[in-house]
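Colleague: Contents of query-v6.cif (mmCIF, C-alpha atoms) are below:
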```cif
data_model
#
loop_
_atom_site.label_atom_id
_atom_site.label_comp_id
_atom_site.auth_asym_id
_atom_site.auth_seq_id
_atom_site.Cartn_x
_atom_site.Cartn_y
_atom_site.Cartn_z
CA MET A 60 -9.58 3.75 -30.27
CA GLU A 61 -5.96 2.65 -30.50
CA PRO A 62 -5.15 -0.63 -28.70
CA LEU A 63 -3.18 -0.18 -25.51
CA THR A 64 0.05 -2.14 -25.20
CA ILE A 65 1.32 -2.73 -21.69
CA SER A 66 3.62 0.29 -21.94
CA LYS A 67 0.80 2.57 -23.13
CA ALA A 68 -1.56 1.24 -20.46
CA ALA A 69 1.12 1.81 -17.83
CA GLN A 70 1.69 5.35 -19.03
CA GLN A 71 -2.03 6.17 -18.99
CA ALA A 72 -2.44 4.65 -15.53
CA GLY A 73 0.62 6.46 -14.18
CA VAL A 74 2.47 3.27 -13.19
CA GLY A 75 5.38 1.22 -14.45
CA VAL A 76 5.08 -1.85 -16.64
CA GLU A 77 6.30 -4.01 -13.75
CA THR A 78 3.43 -2.71 -11.61
CA ILE A 79 0.95 -3.99 -14.17
CA ARG A 80 2.70 -7.36 -14.28
CA PHE A 81 2.67 -7.48 -10.47
CA TYR A 82 -1.08 -6.74 -10.35
CA GLU A 83 -1.62 -9.49 -12.93
CA ARG A 84 0.33 -12.00 -10.81
CA LYS A 85 -1.69 -10.99 -7.73
CA GLY A 86 -4.96 -11.43 -9.64
CA LEU A 87 -6.00 -7.79 -9.25
CA ILE A 88 -6.23 -7.34 -13.01
CA GLU A 89 -6.56 -9.89 -15.77
CA GLN A 90 -3.72 -10.47 -18.18
CA PRO A 91 -5.02 -10.11 -21.71
CA LEU A 92 -4.67 -13.11 -23.99
CA LYS A 93 -1.80 -13.05 -26.45
CA PRO A 94 -3.09 -12.72 -30.02
CA LEU A 95 -3.04 -16.03 -31.90
CA GLY A 96 -1.23 -14.57 -34.87
CA GLY A 97 1.47 -13.02 -32.68
CA GLY A 98 1.89 -9.46 -31.59
CA TYR A 99 1.33 -7.69 -28.31
CA ARG A 100 -1.29 -8.18 -25.65
CA THR A 101 -3.65 -5.22 -25.51
CA TYR A 102 -5.30 -3.64 -22.49
CA THR A 103 -8.66 -1.93 -22.23
CA ASN A 104 -9.50 1.47 -20.81
CA GLU A 105 -11.42 -0.37 -18.06
CA THR A 106 -8.18 -2.06 -17.04
CA VAL A 107 -6.43 1.31 -16.92
CA GLN A 108 -9.24 2.63 -14.69
CA ARG A 109 -8.92 -0.45 -12.44
CA ILE A 110 -5.16 0.13 -12.11
CA ARG A 111 -5.79 3.77 -11.16
CA PHE A 112 -8.33 2.62 -8.56
CA ILE A 113 -5.78 0.18 -7.11
CA ARG A 114 -3.08 2.86 -6.91
CA GLN A 115 -5.41 5.38 -5.28
CA ALA A 116 -6.55 2.79 -2.73
CA GLN A 117 -2.89 1.98 -1.97
CA GLU A 118 -2.19 5.67 -1.44
CA LEU A 119 -5.05 5.71 1.08
CA GLY A 120 -3.32 2.91 2.97
CA PHE A 121 -5.33 -0.10 1.85
CA SER A 122 -3.42 -3.38 1.52
CA LEU A 123 -3.63 -5.41 -1.66
CA THR A 124 -5.90 -7.88 0.11
CA GLU A 125 -8.22 -5.06 1.20
CA ILE A 126 -8.14 -3.63 -2.33
CA GLU A 127 -9.12 -7.00 -3.75
CA GLU A 128 -12.10 -7.01 -1.37
CA LEU A 129 -13.04 -3.48 -2.45
CA LEU A 130 -12.82 -4.48 -6.10
CA ASP A 131 -15.06 -7.47 -5.40
CA LEU A 132 -17.55 -5.24 -3.60
CA ARG A 133 -17.69 -2.96 -6.66
CA THR A 134 -19.08 -5.84 -8.69
CA THR A 135 -21.19 -7.57 -6.04
CA PRO A 136 -24.93 -7.06 -6.49
CA GLY A 137 -26.55 -5.46 -3.46
CA THR A 138 -23.41 -3.70 -2.29
CA ASP A 139 -24.08 -0.14 -1.28
CA CYS A 140 -22.06 2.83 -0.18
CA GLY A 141 -22.42 1.78 3.46
CA ASP A 142 -20.29 -1.31 2.82
CA ILE A 143 -17.48 0.80 1.42
CA HIS A 144 -17.94 3.39 4.17
CA GLN A 145 -17.48 0.67 6.79
CA ARG A 146 -14.22 -0.49 5.18
CA ALA A 147 -12.89 3.06 4.97
CA ALA A 148 -13.84 3.75 8.62
CA ALA A 149 -12.05 0.59 9.72
CA LYS A 150 -8.96 1.67 7.76
CA LEU A 151 -9.10 5.10 9.42
CA ALA A 152 -9.26 3.47 12.87
CA ASP A 153 -6.25 1.34 11.93
CA VAL A 154 -4.34 4.43 10.78
CA ASP A 155 -5.22 6.23 14.03
CA ARG A 156 -3.84 3.29 16.06
CA LYS A 157 -0.62 3.37 14.04
CA VAL A 158 -0.28 7.13 14.48
CA GLU A 159 -0.70 6.76 18.26
CA ALA A 160 1.94 4.01 18.34
CA LEU A 161 4.34 6.10 16.24
CA THR A 162 3.74 9.11 18.51
CA ARG A 163 4.69 7.00 21.56
CA ILE A 164 7.82 5.78 19.75
CA ARG A 165 8.71 9.35 18.76
CA GLU A 166 8.39 10.61 22.34
CA ALA A 167 10.44 7.71 23.72
CA LEU A 168 13.16 8.37 21.15
CA LYS A 169 13.20 12.07 22.00
CA GLU A 170 13.69 11.18 25.68
CA VAL A 171 16.60 8.79 25.12
CA ILE A 172 18.26 11.16 22.64
CA ALA A 173 17.94 14.09 25.06
CA ALA A 174 19.51 12.00 27.84
CA CYS A 175 22.47 10.96 25.67
CA PRO A 176 25.67 13.00 25.96
CA GLY A 177 26.44 12.22 22.31
CA GLN A 178 30.06 11.33 22.98
CA GLY A 179 32.24 8.95 24.93
CA GLY A 180 32.47 5.17 25.13
CA LEU A 181 29.58 2.81 24.59
CA GLU A 182 29.68 1.67 28.22
CA GLY A 183 28.29 5.07 29.16
CA CYS A 184 25.79 5.33 26.30
CA SER A 185 22.43 6.15 27.79
CA ILE A 186 20.60 5.11 24.62
CA ILE A 187 22.00 1.56 24.77
CA GLY A 188 21.30 1.52 28.50
CA ALA A 189 17.70 2.60 27.99
CA MET A 190 17.13 -0.14 25.40
CA GLU A 191 18.64 -2.77 27.66
CA LYS A 192 16.32 -1.66 30.47
CA LYS A 193 13.30 -1.91 28.16
CA LYS A 194 14.25 -5.48 27.21
CA GLU A 195 14.58 -6.56 30.85
CA GLY A 196 11.33 -4.92 31.93
#
```
So, in terms of structure tokens, how does the structure I just supplied come out?
Modeller:
Amino acid sequence: MEPLTISKAAQQAGVGVETIRFYERKGLIEQPLKPLGGGYRTYTNETVQRIRFIRQAQELGFSLTEIEELLDLRTTPGTDCGDIHQRAAAKLADVDRKVEALTRIREALKEVIAACPGQGGLEGCSIIGAMEKKKEG
């Protein structure tokens, strides 16, 4: 198998080189040692798989801290699917809370936009007035 330079590893993992360097700085993946005789650091297929796992977990909304915990669980003896299930369920509950908050924000914005005439001086702007009321209350 051909050694993977950082650019080849990035290409196979579907990320940029800077993403790999960022993950290395955060301790999510190990930086390979530089060869003593010079040359490029090389990455393993396992590292590429780990990067893909990190990206997929990010796409599912997990923070880097949560991803680090998931990665640790993957290698902790005695961990079972229930541990991962619990983390995913907690993330889903968090997403649901955020969706509810965004829905409330959306409805409030729709109300203030509908009440706004969309023209005239700022002293008569119902959007500014509504925000000032919210601050006072």
Colleague: Which residues, named as in the file, does the PyMOL selection byres ((chain A and resi 128) around 12) pick out? Answer as a list in words.
Modeller: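 Checking the PyMOL selection byres ((chain A and resi 128) around 12) against this file, the residues are Gly86, Leu87, Ile113, Ala116, Phe121, Ser122, Leu123, Thr124, Glu125, Ile126, Glu127, Leu129, Leu130, Asp131, Leu132, Arg133, Thr134, Thr135, Thr138, Asp142, Ile143, Arg146 and Ala147 of chain A.
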Colleague: CA of Val107 in chain A to CA of Ile65 in chain A: how many Å, to one decimal?
Modeller: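 Value for the CA of Val107 in chain A-CA of Ile65 in chain A distance: 10.0 Å.
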Colleague: Counting all atoms listed in the file, which of A:Thr64, A:Ile164, A:Glu182, A:Tyr82 gets nearest to Phe112 in chain A?
Modeller: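 So, comparing all the options, the nearest one is A:Tyr82.
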Colleague: Just to confirm, what's the straight-line distance from CA of Tyr99 in chain A to CA of Val76 in chain A in Å (one decimal)?
Modeller: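 Computed distance, CA of Tyr99 in chain A to CA of Val76 in chain A, equals 13.6 Å.
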Colleague: Quick one: distance from CA of Val154 in chain A to CA of Leu119 in chain A in Å, one decimal?
Modeller: 9.8 Å
